[in-house]
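Quick look at start-v6.cif (mmCIF, C-alpha atoms and all ligand atoms):
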```cif
data_work
loop_
_atom_site.label_atom_id
_atom_site.label_comp_id
_atom_site.auth_asym_id
_atom_site.auth_seq_id
_atom_site.Cartn_x
_atom_site.Cartn_y
_atom_site.Cartn_z
CA VAL A 1116 70.66 115.33 86.85
CA TYR A 1117 74.10 115.51 88.51
CA LYS A 1118 75.74 117.54 85.72
CA LEU A 1119 72.74 119.84 85.18
CA PHE A 1120 71.63 120.59 88.74
CA ILE A 1121 73.94 119.22 91.42
CA ARG A 1122 77.42 119.88 89.98
CA PRO A 1123 76.84 123.60 89.25
CA ILE A 1124 75.88 124.11 92.90
CA LEU A 1125 78.72 121.98 94.31
CA PHE A 1126 81.25 123.76 92.06
CA LEU A 1127 80.30 127.13 93.60
CA PHE A 1128 82.06 126.18 96.83
CA ASP A 1129 85.62 125.45 97.91
CA PRO A 1130 86.53 122.01 96.47
CA GLU A 1131 87.97 120.55 99.67
CA LYS A 1132 84.97 121.70 101.74
CA ILE A 1133 82.63 120.13 99.19
CA HIS A 1134 84.61 116.88 99.38
CA HIS A 1135 84.13 116.76 103.16
CA PHE A 1136 80.49 117.86 102.86
CA THR A 1137 79.60 115.05 100.43
CA PHE A 1138 81.50 112.57 102.61
CA SER A 1139 79.44 113.67 105.65
CA LEU A 1140 76.20 113.44 103.67
CA LEU A 1141 77.04 109.95 102.47
CA SER A 1142 78.01 108.68 105.91
CA LEU A 1143 74.93 110.29 107.54
CA ALA A 1144 72.74 108.74 104.89
CA GLY A 1145 74.29 105.41 105.92
CA PHE A 1146 71.82 105.39 108.81
CA ILE A 1147 68.78 105.51 106.51
CA PRO A 1148 67.40 101.98 106.18
CA GLY A 1149 67.56 100.65 102.64
CA LYS A 1150 69.77 103.47 101.40
CA LYS A 1151 72.59 101.24 100.27
CA TRP A 1152 70.16 98.93 98.51
CA ALA A 1153 68.63 101.91 96.67
CA LEU A 1154 72.06 103.26 95.67
CA ARG A 1155 73.07 99.85 94.35
CA GLN A 1156 69.86 99.62 92.30
CA LEU A 1157 70.60 103.01 90.79
CA PHE A 1158 74.33 102.85 90.22
CA CYS A 1159 75.57 99.23 90.04
CA TYR A 1160 75.75 97.25 86.86
CA GLU A 1161 76.58 93.55 86.79
CA ASN A 1162 77.51 91.57 83.72
CA LYS A 1163 79.63 88.43 83.26
CA ASN A 1164 81.52 90.16 80.41
CA LEU A 1165 82.96 92.63 82.88
CA GLU A 1166 84.66 90.09 85.12
CA ARG A 1167 88.46 90.08 85.12
CA GLU A 1168 91.12 88.07 86.92
CA TYR A 1169 94.54 89.55 87.68
CA PHE A 1170 97.23 88.65 90.21
CA GLY A 1171 94.98 86.01 91.72
CA LEU A 1172 92.07 88.40 92.39
CA LYS A 1173 88.65 88.24 90.75
CA PHE A 1174 87.36 91.70 89.84
CA PRO A 1175 83.58 91.91 89.21
CA ASN A 1176 84.32 94.75 86.78
CA PRO A 1177 87.49 96.59 85.67
CA VAL A 1178 86.61 100.09 86.92
CA GLY A 1179 88.15 101.12 90.24
CA LEU A 1180 88.21 104.23 92.41
CA ALA A 1181 91.72 105.73 92.33
CA ALA A 1182 93.78 106.47 95.43
CA GLY A 1183 93.28 109.76 97.25
CA PHE A 1184 89.49 109.91 97.18
CA ASP A 1185 88.91 107.82 100.31
CA LYS A 1186 92.40 107.98 101.79
CA ASP A 1187 91.32 106.95 105.28
CA ALA A 1188 88.84 104.18 104.34
CA LYS A 1189 85.98 106.19 105.83
CA LEU A 1190 83.34 105.40 103.22
CA ILE A 1191 84.17 101.98 101.75
CA ASP A 1192 80.68 100.55 102.26
CA GLU A 1193 78.97 103.60 100.76
CA LEU A 1194 81.37 103.97 97.81
CA ALA A 1195 80.96 100.28 97.03
CA CYS A 1196 77.31 101.11 96.17
CA PHE A 1197 78.44 103.23 93.19
CA GLY A 1198 79.39 100.20 91.13
CA PHE A 1199 83.19 100.19 91.40
CA GLY A 1200 84.97 96.89 90.81
CA PHE A 1201 87.57 97.83 93.43
CA ILE A 1202 88.55 100.72 95.69
CA GLU A 1203 92.06 101.93 96.46
CA ILE A 1204 92.51 103.54 99.86
CA GLY A 1205 95.44 105.82 100.83
CA THR A 1206 97.93 107.09 100.35
CA LEU A 1207 98.37 106.14 104.00
CA THR A 1208 101.48 107.00 106.01
CA PRO A 1209 102.57 105.35 109.29
CA LYS A 1210 101.76 108.45 111.35
CA GLY A 1211 98.77 110.69 110.69
CA GLN A 1212 99.68 114.07 109.19
CA PHE A 1213 97.82 117.24 108.31
CA GLY A 1214 99.29 117.63 104.81
CA ASN A 1215 99.98 120.99 103.18
CA GLU A 1216 98.36 124.25 104.16
CA LYS A 1217 94.94 125.04 102.71
CA PRO A 1218 93.85 125.93 100.07
CA ARG A 1219 95.44 122.94 98.36
CA LEU A 1220 92.77 121.71 95.96
CA PHE A 1221 91.69 123.72 92.90
CA ARG A 1222 89.25 123.15 90.03
CA LEU A 1223 90.13 124.10 86.46
CA PRO A 1224 86.68 123.79 84.85
CA GLU A 1225 87.79 125.12 81.44
CA ASP A 1226 90.27 122.26 81.24
CA LYS A 1227 88.11 119.63 82.96
CA ALA A 1228 90.93 119.27 85.45
CA VAL A 1229 91.98 119.60 89.07
CA ILE A 1230 95.24 120.70 90.67
CA ASN A 1231 96.02 119.37 94.15
CA ARG A 1232 98.88 119.65 96.58
CA MET A 1233 97.24 117.81 99.45
CA GLY A 1234 100.56 116.33 100.66
CA PHE A 1235 99.33 112.96 101.97
CA ASN A 1236 96.87 114.35 104.50
CA ASN A 1237 95.65 111.25 106.33
CA GLY A 1238 94.88 109.94 109.77
CA GLY A 1239 97.65 107.33 109.73
CA VAL A 1240 97.54 103.68 108.87
CA GLU A 1241 96.33 102.37 112.27
CA GLU A 1242 93.13 104.45 112.15
CA ALA A 1243 92.38 103.12 108.68
CA VAL A 1244 92.91 99.55 109.89
CA LYS A 1245 90.33 100.09 112.66
CA ARG A 1246 87.80 101.17 110.01
CA LEU A 1247 88.67 98.36 107.62
CA LYS A 1248 87.98 95.84 110.40
CA LYS A 1249 84.43 97.19 110.69
CA ARG A 1250 83.52 97.32 107.00
CA SER A 1251 80.67 95.15 105.78
CA SER A 1252 81.18 95.33 102.01
CA SER A 1253 83.35 92.64 100.45
CA ILE A 1254 84.61 94.89 97.63
CA LEU A 1255 88.29 94.39 96.70
CA ILE A 1256 90.52 96.94 98.43
CA GLY A 1257 93.93 98.20 97.39
CA GLY A 1258 96.20 99.65 100.07
CA ASN A 1259 98.25 102.56 98.73
CA ILE A 1260 101.20 103.31 101.03
CA GLY A 1261 103.61 106.22 101.33
CA LYS A 1262 106.09 107.83 103.67
CA ASN A 1263 105.60 110.60 106.22
CA LYS A 1264 106.82 114.05 105.18
CA ASN A 1265 109.45 114.15 107.95
CA THR A 1266 110.94 110.75 107.19
CA PRO A 1267 114.21 111.22 105.25
CA ASN A 1268 114.43 109.36 101.94
CA GLU A 1269 117.22 107.11 103.26
CA GLU A 1270 114.77 105.77 105.85
CA ALA A 1271 111.70 105.79 103.61
CA TYR A 1272 111.73 102.00 103.33
CA LYS A 1273 110.88 101.77 107.03
CA ASP A 1274 107.66 103.75 106.50
CA TYR A 1275 106.67 101.51 103.57
CA GLU A 1276 107.38 98.43 105.71
CA LEU A 1277 105.23 99.82 108.54
CA GLY A 1278 102.32 100.53 106.20
CA PHE A 1279 102.65 97.13 104.59
CA GLU A 1280 102.66 95.20 107.88
CA ALA A 1281 99.77 97.19 109.38
CA LEU A 1282 97.52 96.76 106.35
CA PHE A 1283 98.52 93.24 105.38
CA ASP A 1284 95.48 91.41 106.77
CA HIS A 1285 93.02 94.07 105.64
CA VAL A 1286 93.66 94.79 101.96
CA ASP A 1287 93.72 92.64 98.82
CA TYR A 1288 96.66 94.26 97.02
CA PHE A 1289 99.34 96.85 97.78
CA VAL A 1290 100.49 99.93 95.91
CA VAL A 1291 103.80 101.62 96.60
CA ASN A 1292 103.38 105.30 95.90
CA VAL A 1293 106.59 107.16 95.11
CA SER A 1294 105.01 109.31 92.41
CA SER A 1295 103.09 112.04 94.24
CA PRO A 1296 104.49 115.49 93.43
CA ASN A 1297 103.31 116.91 96.76
CA THR A 1298 105.72 115.38 99.28
CA PRO A 1299 109.14 117.06 98.93
CA ASN A 1300 111.66 114.73 97.23
CA LEU A 1301 109.31 111.75 97.20
CA ARG A 1302 109.71 111.27 93.46
CA ALA A 1303 113.49 110.92 93.88
CA LEU A 1304 112.55 107.49 95.24
CA GLN A 1305 111.55 106.55 91.67
CA ASP A 1306 115.27 106.28 90.87
CA LYS A 1307 116.49 102.76 90.36
CA LYS A 1308 118.56 102.29 93.51
CA PRO A 1309 116.16 103.55 96.22
CA LEU A 1310 113.15 102.07 94.46
CA THR A 1311 114.74 98.64 94.16
CA GLU A 1312 115.64 98.82 97.85
CA ILE A 1313 112.10 99.68 98.98
CA LEU A 1314 110.40 97.12 96.77
CA SER A 1315 112.87 94.32 97.54
CA LYS A 1316 112.47 94.85 101.26
CA LEU A 1317 108.68 94.70 100.90
CA GLN A 1318 108.90 91.53 98.82
CA ILE A 1319 111.04 89.91 101.54
CA LEU A 1320 108.29 90.67 104.09
CA ASN A 1321 105.66 89.55 101.59
CA ARG A 1322 107.34 86.18 100.98
CA GLN A 1323 107.48 85.51 104.72
CA LYS A 1324 103.67 85.49 104.86
CA SER A 1325 101.79 82.22 104.47
CA LYS A 1326 100.16 83.73 101.36
CA SER A 1327 101.77 86.80 99.84
CA LYS A 1328 99.74 89.73 98.49
CA PRO A 1329 100.05 91.35 95.05
CA LEU A 1330 102.54 94.23 95.12
CA LEU A 1331 102.13 97.05 92.58
CA LEU A 1332 103.98 100.29 91.94
CA LYS A 1333 102.32 103.59 91.00
CA ILE A 1334 104.33 105.78 88.67
CA ALA A 1335 104.26 109.40 87.49
CA PRO A 1336 103.38 110.43 83.94
CA ASP A 1337 106.47 112.64 83.84
CA LEU A 1338 109.11 109.89 83.66
CA THR A 1339 111.70 109.93 80.86
CA VAL A 1340 112.15 106.92 78.58
CA ASP A 1341 115.31 106.01 80.53
CA GLN A 1342 113.36 106.09 83.77
CA LEU A 1343 110.60 103.97 82.23
CA ASN A 1344 113.23 101.44 81.12
CA ASP A 1345 114.53 101.34 84.69
CA ILE A 1346 110.99 100.66 85.90
CA VAL A 1347 110.68 97.78 83.44
CA GLU A 1348 113.91 96.25 84.80
CA ILE A 1349 112.79 96.73 88.38
CA VAL A 1350 109.44 95.05 87.61
CA LYS A 1351 111.36 91.99 86.45
CA ASP A 1352 114.08 92.02 89.15
CA VAL A 1353 111.70 92.47 92.05
CA LYS A 1354 108.91 90.42 90.46
CA LEU A 1355 106.26 93.09 90.83
CA ASP A 1356 102.68 91.97 90.22
CA GLY A 1357 101.61 95.10 88.37
CA LEU A 1358 102.01 98.81 87.70
CA ILE A 1359 99.60 101.70 88.13
CA ALA A 1360 100.06 104.32 85.44
CA THR A 1361 99.75 107.14 86.23
CA ASN A 1362 99.66 109.63 89.06
CA THR A 1363 99.11 113.38 88.49
CA THR A 1364 101.49 115.46 86.33
CA ILE A 1365 103.56 118.50 87.26
CA SER A 1366 103.28 119.76 83.67
CA ARG A 1367 100.97 122.70 82.79
CA GLU A 1368 101.35 122.28 79.03
CA GLY A 1369 98.44 123.01 76.73
CA LEU A 1370 95.99 124.29 79.35
CA ILE A 1371 93.20 126.75 78.54
CA THR A 1372 93.26 128.16 82.08
CA THR A 1373 95.21 131.45 82.05
CA ASN A 1374 98.80 131.62 83.26
CA ASP A 1375 97.66 134.25 85.71
CA LYS A 1376 95.24 131.84 87.35
CA LEU A 1377 97.80 129.01 87.22
CA ASP A 1378 100.40 131.24 88.91
CA LYS A 1379 97.91 132.06 91.66
CA ILE A 1380 97.19 128.36 92.21
CA GLY A 1381 100.89 127.48 92.36
CA ALA A 1382 102.48 124.04 92.70
CA GLY A 1383 100.62 120.75 92.64
CA GLY A 1384 99.68 117.70 90.61
CA LEU A 1385 97.37 118.16 87.64
CA SER A 1386 94.70 115.51 87.03
CA GLY A 1387 91.76 115.08 84.67
CA ALA A 1388 91.52 115.60 80.90
CA PRO A 1389 94.99 117.19 80.36
CA VAL A 1390 96.81 114.16 81.81
CA LYS A 1391 95.07 111.63 79.56
CA ASP A 1392 97.44 111.58 76.59
CA LYS A 1393 100.59 111.51 78.72
CA SER A 1394 99.23 108.72 80.83
CA ASN A 1395 98.15 106.73 77.76
CA GLU A 1396 101.60 107.14 76.20
CA VAL A 1397 103.17 105.67 79.34
CA ILE A 1398 100.74 102.74 79.25
CA ILE A 1399 101.43 102.07 75.55
CA TYR A 1400 105.18 102.09 76.22
CA LEU A 1401 104.94 99.78 79.22
CA ARG A 1402 102.55 97.40 77.49
CA LYS A 1403 105.04 96.95 74.65
CA ALA A 1404 107.96 96.51 77.02
CA LEU A 1405 106.25 94.12 79.43
CA GLY A 1406 104.13 91.99 77.10
CA ASN A 1407 100.42 91.33 76.88
CA GLU A 1408 99.94 89.46 80.13
CA PHE A 1409 101.47 91.92 82.59
CA PRO A 1410 98.80 93.71 84.70
CA ILE A 1411 98.71 97.48 84.23
CA ILE A 1412 96.07 99.58 85.96
CA GLY A 1413 95.45 102.62 83.75
CA VAL A 1414 94.50 105.89 85.42
CA GLY A 1415 94.64 109.51 84.36
CA GLY A 1416 92.13 111.62 82.48
CA ILE A 1417 89.21 109.25 82.09
CA MET A 1418 86.52 111.93 81.81
CA THR A 1419 84.13 110.20 79.39
CA VAL A 1420 83.06 106.65 78.53
CA ASP A 1421 85.16 106.91 75.35
CA ASP A 1422 88.23 107.84 77.41
CA ALA A 1423 87.77 104.60 79.35
CA VAL A 1424 87.66 102.61 76.13
CA GLU A 1425 90.76 104.46 74.89
CA LYS A 1426 92.63 103.63 78.10
CA ILE A 1427 91.88 99.94 77.68
CA LYS A 1428 92.88 100.06 74.02
CA ALA A 1429 96.18 101.70 75.10
CA GLY A 1430 96.84 98.52 77.08
CA ALA A 1431 95.27 98.96 80.53
CA SER A 1432 94.10 95.70 82.10
CA LEU A 1433 92.00 97.54 84.69
CA ILE A 1434 91.23 101.25 84.99
CA GLN A 1435 90.67 103.76 87.79
CA VAL A 1436 88.96 107.13 87.94
CA TYR A 1437 89.15 110.11 90.27
CA THR A 1438 88.68 113.50 88.59
CA GLY A 1439 86.14 112.07 86.11
CA PHE A 1440 84.04 110.83 89.03
CA ILE A 1441 83.92 114.39 90.43
CA TYR A 1442 83.01 115.94 87.06
CA GLN A 1443 80.59 113.27 85.82
CA GLY A 1444 79.00 112.24 89.10
CA PRO A 1445 77.87 108.96 90.60
CA GLY A 1446 76.38 107.49 87.40
CA PHE A 1447 79.76 107.53 85.63
CA ILE A 1448 80.91 104.05 86.66
CA LYS A 1449 77.71 102.40 85.46
CA SER A 1450 77.96 104.20 82.08
CA ILE A 1451 81.55 103.00 81.62
CA ASN A 1452 80.70 99.44 82.61
CA LYS A 1453 77.67 99.28 80.30
CA LYS A 1454 79.85 100.33 77.39
CA LEU A 1455 82.65 97.90 78.28
CA ALA A 1456 80.18 95.02 78.62
CA SER A 1457 78.86 95.68 75.13
CA MET A 1458 82.32 95.51 73.52
C1 LIG A 1501 92.67 115.48 95.21
C2 LIG A 1501 93.50 114.33 94.77
C3 LIG A 1501 94.19 113.58 95.71
C4 LIG A 1501 94.96 112.49 95.31
N1 LIG A 1501 95.63 111.76 96.26
C5 LIG A 1501 96.36 110.68 95.87
C6 LIG A 1501 97.01 109.88 96.83
O1 LIG A 1501 96.92 110.12 98.04
N2 LIG A 1501 97.74 108.83 96.39
C7 LIG A 1501 97.85 108.51 95.05
O2 LIG A 1501 98.51 107.52 94.71
N3 LIG A 1501 97.23 109.25 94.12
C8 LIG A 1501 96.48 110.31 94.50
N4 LIG A 1501 95.84 111.06 93.55
C9 LIG A 1501 96.03 110.72 92.12
C10 LIG A 1501 94.89 109.88 91.56
O3 LIG A 1501 94.81 108.64 92.22
C11 LIG A 1501 95.11 109.64 90.05
O4 LIG A 1501 96.27 108.88 89.87
C12 LIG A 1501 95.24 110.94 89.27
O5 LIG A 1501 94.36 111.92 89.77
C13 LIG A 1501 94.94 110.75 87.77
O6 LIG A 1501 93.63 110.26 87.57
P1 LIG A 1501 92.36 111.20 87.21
O7 LIG A 1501 92.77 112.04 86.04
O8 LIG A 1501 91.25 110.22 86.91
O9 LIG A 1501 92.08 112.02 88.42
C14 LIG A 1501 95.05 112.15 93.93
C15 LIG A 1501 94.34 112.91 92.99
C16 LIG A 1501 93.57 113.98 93.39
C17 LIG A 1501 92.82 114.78 92.35
#
```

Full structure transcribed into structure tokens:
Amino acid sequence: VYKLFIRPILFLFDPEKIHHFTFSLLSLAGFIPGKKWALRQLFCYENKNLEREYFGLKFPNPVGLAAGFDKDAKLIDELACFGFGFIEIGTLTPKGQFGNEKPRLFRLPEDKAVINRMGFNNGGVEEAVKRLKKRSSSILIGGNIGKNKNTPNEEAYKDYELGFEALFDHVDYFVVNVSSPNTPNLRALQDKKPLTEILSKLQILNRQKSKSKPLLLKIAPDLTVDQLNDIVEIVKDVKLDGLIATNTTISREGLITTNDKLDKIGAGGLSGAPVKDKSNEVIIYLRKALGNEFPIIGVGGIMTVDDAVEKIKAGASLIQVYTGFIYQGPGFIKSINKKLASM
């Protein structure tokens, strides 16, 4: 129903407006009695075979919602009704910021892809905390943290510390995001020295807590082998709990969309089908380098149930979706989980 009737109408309009429109619809519908129950009946799928345990957390199923969809934790209770095993909020920055100028979100239907240069538009970490305090769903939440655009890289660690402290009591795991292509120079923080500094400082704060929280790092699909080797060393040195591979790519290789249209769209991170192979290659490399037990959350280009299976075969312990959820609609998570349960 979604792909035949609803998606063709939604795809007629500006993607960012549609995102806000569906968010408003979902939150308005929150006032209808029994709505969440009905959504859960339609879209949730429970099965013992789907349960996973990583970094001390019990996931009811391995399929999560990737960062960027509900940056500000506005719809946790509603999104939990779509059958996700966990939801990652953010990227959140200490201060709220508007992000880049619009338009900044573009569909590439021929390629089953999206290009975005949102630039960490978010209401700031404190607003998200207020919402998290009010949520009623007990779904596992990841807190994805970043730095404000105006914070120089030398002081970036302070922004990550602020995000970490503010969210500490309200999320189940943390993700350090240094891999978005849409904040100028952010990805320079993926270099060994600044990255080790940020992560070590966070681990110091983490260890001071009575019970520390899992700390993960989200990486780009565009890293060289040398950079991936650095990441492997950092994982060991800083004792990271897991990696999220991958964010969007800056590459435009192999697209069907014309160069003319791509030039008009301009800069941004590409997600969806074209990022799948790159992201899987990164996962395969990391899985080999880090051994079978190390938790890797695989994300990037899961557009079909088979893509989800492929991601797990590449070595992902858990998976996340974003673009596939937009293209396939709300039944996608249940379809993936049914398949995974039967394996
Ligand atoms: C519109 C949009 C906004 C995103 N915002 C964020 C973000 O704020 N933080 C982040 O870590 N990743 C963000 N991502 C990246 C996704 O979490 C994911 O890593 C990437 O899109 C690849 O997965 P996909 O092919 O399933 O979309 C965003 C992706 C899209 C399409």

Inset, instruction - Using all atoms listed in the file, find each residue with an atom at most 7 Å away from ligand LIG 1501 (chain A) and format the answer as a PyMOL selection string. - result: chain A and resi 1181-1184+1186+1205-1206+1220+1229-1231+1233+1235+1259+1292+1295+1333+1361-1363+1386-1388+1390-1391+1414-1417+1435-1439

Could you write those residues out with C-alpha atoms, as a PDB file, keeping the file's coordinate frame?
```
ATOM      1  CA  ALA A1181      91.720 105.730  92.330  1.00  0.00           C
ATOM      2  CA  ALA A1182      93.780 106.470  95.430  1.00  0.00           C
ATOM      3  CA  GLY A1183      93.280 109.760  97.250  1.00  0.00           C
ATOM      4  CA  PHE A1184      89.490 109.910  97.180  1.00  0.00           C
ATOM      5  CA  LYS A1186      92.400 107.980 101.790  1.00  0.00           C
ATOM      6  CA  GLY A1205      95.440 105.820 100.830  1.00  0.00           C
ATOM      7  CA  THR A1206      97.930 107.090 100.350  1.00  0.00           C
ATOM      8  CA  LEU A1220      92.770 121.710  95.960  1.00  0.00           C
ATOM      9  CA  VAL A1229      91.980 119.600  89.070  1.00  0.00           C
ATOM     10  CA  ILE A1230      95.240 120.700  90.670  1.00  0.00           C
ATOM     11  CA  ASN A1231      96.020 119.370  94.150  1.00  0.00           C
ATOM     12  CA  MET A1233      97.240 117.810  99.450  1.00  0.00           C
ATOM     13  CA  PHE A1235      99.330 112.960 101.970  1.00  0.00           C
ATOM     14  CA  ASN A1259      98.250 102.560  98.730  1.00  0.00           C
ATOM     15  CA  ASN A1292     103.380 105.300  95.900  1.00  0.00           C
ATOM     16  CA  SER A1295     103.090 112.040  94.240  1.00  0.00           C
ATOM     17  CA  LYS A1333     102.320 103.590  91.000  1.00  0.00           C
ATOM     18  CA  THR A1361      99.750 107.140  86.230  1.00  0.00           C
ATOM     19  CA  ASN A1362      99.660 109.630  89.060  1.00  0.00           C
ATOM     20  CA  THR A1363      99.110 113.380  88.490  1.00  0.00           C
ATOM     21  CA  SER A1386      94.700 115.510  87.030  1.00  0.00           C
ATOM     22  CA  GLY A1387      91.760 115.080  84.670  1.00  0.00           C
ATOM     23  CA  ALA A1388      91.520 115.600  80.900  1.00  0.00           C
ATOM     24  CA  VAL A1390      96.810 114.160  81.810  1.00  0.00           C
ATOM     25  CA  LYS A1391      95.070 111.630  79.560  1.00  0.00           C
ATOM     26  CA  VAL A1414      94.500 105.890  85.420  1.00  0.00           C
ATOM     27  CA  GLY A1415      94.640 109.510  84.360  1.00  0.00           C
ATOM     28  CA  GLY A1416      92.130 111.620  82.480  1.00  0.00           C
ATOM     29  CA  ILE A1417      89.210 109.250  82.090  1.00  0.00           C
ATOM     30  CA  GLN A1435      90.670 103.760  87.790  1.00  0.00           C
ATOM     31  CA  VAL A1436      88.960 107.130  87.940  1.00  0.00           C
ATOM     32  CA  TYR A1437      89.150 110.110  90.270  1.00  0.00           C
ATOM     33  CA  THR A1438      88.680 113.500  88.590  1.00  0.00           C
ATOM     34  CA  GLY A1439      86.140 112.070  86.110  1.00  0.00           C
TER      35      GLY A1439
END
```

Inset, instruction - Select, from A:Ala1429, A:Leu1157, A:Ile1124, A:Leu1314, the residue with the minimum atom-to-atom distance to Phe1447 of chain A, counting all atoms listed in the file. - result: A:Leu1157

Inset, instruction - Would you list the residues near (107.6, 92.6, 108.3), meaning any protein, DNA or RNA residue with an atom at most 12 Å from that point in file coordinates, counting all atoms listed in the file, as a PyMOL selection string? - result: chain A and resi 1272-1283+1316-1324+1327

Need to verify the contact set: Arg1222 of chain A, 12 Å, all atoms listed in the file, exclusion of same-chain residues closer than 2 positions in sequence. Can you return it as a PDB file with C-alpha atoms, keeping the file's coordinate frame?
```
ATOM      1  CA  LEU A1125      78.720 121.980  94.310  1.00  0.00           C
ATOM      2  CA  PHE A1126      81.250 123.760  92.060  1.00  0.00           C
ATOM      3  CA  LEU A1127      80.300 127.130  93.600  1.00  0.00           C
ATOM      4  CA  PHE A1128      82.060 126.180  96.830  1.00  0.00           C
ATOM      5  CA  ASP A1129      85.620 125.450  97.910  1.00  0.00           C
ATOM      6  CA  PRO A1130      86.530 122.010  96.470  1.00  0.00           C
ATOM      7  CA  GLU A1131      87.970 120.550  99.670  1.00  0.00           C
ATOM      8  CA  ILE A1133      82.630 120.130  99.190  1.00  0.00           C
ATOM      9  CA  PRO A1218      93.850 125.930 100.070  1.00  0.00           C
ATOM     10  CA  ARG A1219      95.440 122.940  98.360  1.00  0.00           C
ATOM     11  CA  LEU A1220      92.770 121.710  95.960  1.00  0.00           C
ATOM     12  CA  PRO A1224      86.680 123.790  84.850  1.00  0.00           C
ATOM     13  CA  GLU A1225      87.790 125.120  81.440  1.00  0.00           C
ATOM     14  CA  ASP A1226      90.270 122.260  81.240  1.00  0.00           C
ATOM     15  CA  LYS A1227      88.110 119.630  82.960  1.00  0.00           C
ATOM     16  CA  ALA A1228      90.930 119.270  85.450  1.00  0.00           C
ATOM     17  CA  VAL A1229      91.980 119.600  89.070  1.00  0.00           C
ATOM     18  CA  ILE A1230      95.240 120.700  90.670  1.00  0.00           C
ATOM     19  CA  ASN A1231      96.020 119.370  94.150  1.00  0.00           C
ATOM     20  CA  THR A1372      93.260 128.160  82.080  1.00  0.00           C
ATOM     21  CA  LYS A1376      95.240 131.840  87.350  1.00  0.00           C
ATOM     22  CA  LEU A1377      97.800 129.010  87.220  1.00  0.00           C
ATOM     23  CA  ILE A1380      97.190 128.360  92.210  1.00  0.00           C
ATOM     24  CA  GLY A1383     100.620 120.750  92.640  1.00  0.00           C
ATOM     25  CA  GLY A1384      99.680 117.700  90.610  1.00  0.00           C
ATOM     26  CA  LEU A1385      97.370 118.160  87.640  1.00  0.00           C
ATOM     27  CA  SER A1386      94.700 115.510  87.030  1.00  0.00           C
ATOM     28  CA  GLY A1387      91.760 115.080  84.670  1.00  0.00           C
ATOM     29  CA  THR A1438      88.680 113.500  88.590  1.00  0.00           C
ATOM     30  CA  ILE A1441      83.920 114.390  90.430  1.00  0.00           C
ATOM     31  CA  TYR A1442      83.010 115.940  87.060  1.00  0.00           C
TER      32      TYR A1442
END
```

Legend entry - Spatial neighbours of Leu1343 of chain A, max dist 9 Å, all atoms listed in the file, sep filter under 5 positions, as a PyMOL selection string: chain A and resi 1338+1348+1397+1400-1401

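Closest approach to Ile1147 of chain A among A:Val1353, A:Glu1193, A:Val1286, A:Glu1203: A:Glu1193, based on only C-alpha atoms.
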
Give me, as a tab-separated table, each residue of segment 1330-1426 of chain A that comes within 12 Å of segment 1303-1307 of chain A, together with its shortest interatomic pair and the distance in Å at one decimal, counting all atoms listed in the file, with rows ordered by chain and rising residue number.
```
residue	atom	partner	partner_atom	distance
A:Leu1332	CA	A:Gln1305	CA	9.8
A:Lys1333	CA	A:Gln1305	CA	9.7
A:Ile1334	CA	A:Gln1305	CA	7.9
A:Ala1335	CA	A:Gln1305	CA	8.9
A:Pro1336	CA	A:Gln1305	CA	11.9
A:Asp1337	CA	A:Gln1305	CA	11.1
A:Leu1338	CA	A:Gln1305	CA	9.0
A:Thr1339	CA	A:Asp1306	CA	11.2
A:Asp1341	CA	A:Asp1306	CA	10.3
A:Gln1342	CA	A:Asp1306	CA	7.4
A:Leu1343	CA	A:Gln1305	CA	9.8
A:Asn1344	CA	A:Lys1307	CA	9.9
A:Asp1345	CA	A:Lys1307	CA	6.2
A:Ile1346	CA	A:Lys1307	CA	7.4
A:Val1347	CA	A:Lys1307	CA	10.3
A:Glu1348	CA	A:Lys1307	CA	8.9
A:Ile1349	CA	A:Lys1307	CA	7.3
A:Val1350	CA	A:Lys1307	CA	10.8
A:Asp1352	CA	A:Lys1307	CA	11.1
A:Val1353	CA	A:Lys1307	CA	11.5
```

Inset, instruction - Provide the atom CA of Pro1329 of chain A to atom CA of Asp1356 of chain A distance in Å, to one decimal place. - result: 5.5 Å

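Residue nearest Lys1264 of chain A, chosen from A:Glu1241, A:Asn1300, A:Asn1395, A:Arg1246 and counting only C-alpha atoms: A:Asn1300.
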
Inset, instruction - Using all atoms listed in the file, give me every residue within 10 Å of (98.5, 111.5, 108.3) in file coordinates, as a ChimeraX atom specification. - result: /A:1186-1187,1205-1214,1234-1240,1242,1262-1264

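Taking all atoms listed in the file into account, Val1424 of chain A lies nearest to A:Pro1177 out of the set A:Pro1123, A:Pro1177, A:Gly1357, A:Gly1145.
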
Inset, instruction - Please measure the separation of atom CA of Val1178 of chain A and atom CA of Ile1434 of chain A, giving the value in Å to one decimal. - result: 5.1 Å

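When atom CA of Met1458 of chain A is paired with atom CA of Asp1421 of chain A, their separation reads 11.9 Å.
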
Legend entry - Residue nearest Glu1408 of chain A among A:Leu1165, A:Asn1215, A:Phe1170, A:Pro1296 (counting only C-alpha atoms): A:Phe1170

Inset, instruction - Can you work out which one of A:Ile1202, A:Tyr1169, A:Gly1261, A:Thr1364 has the shortest atom-to-atom distance to Lys1328 of chain A, counting all atoms listed in the file? - result: A:Tyr1169
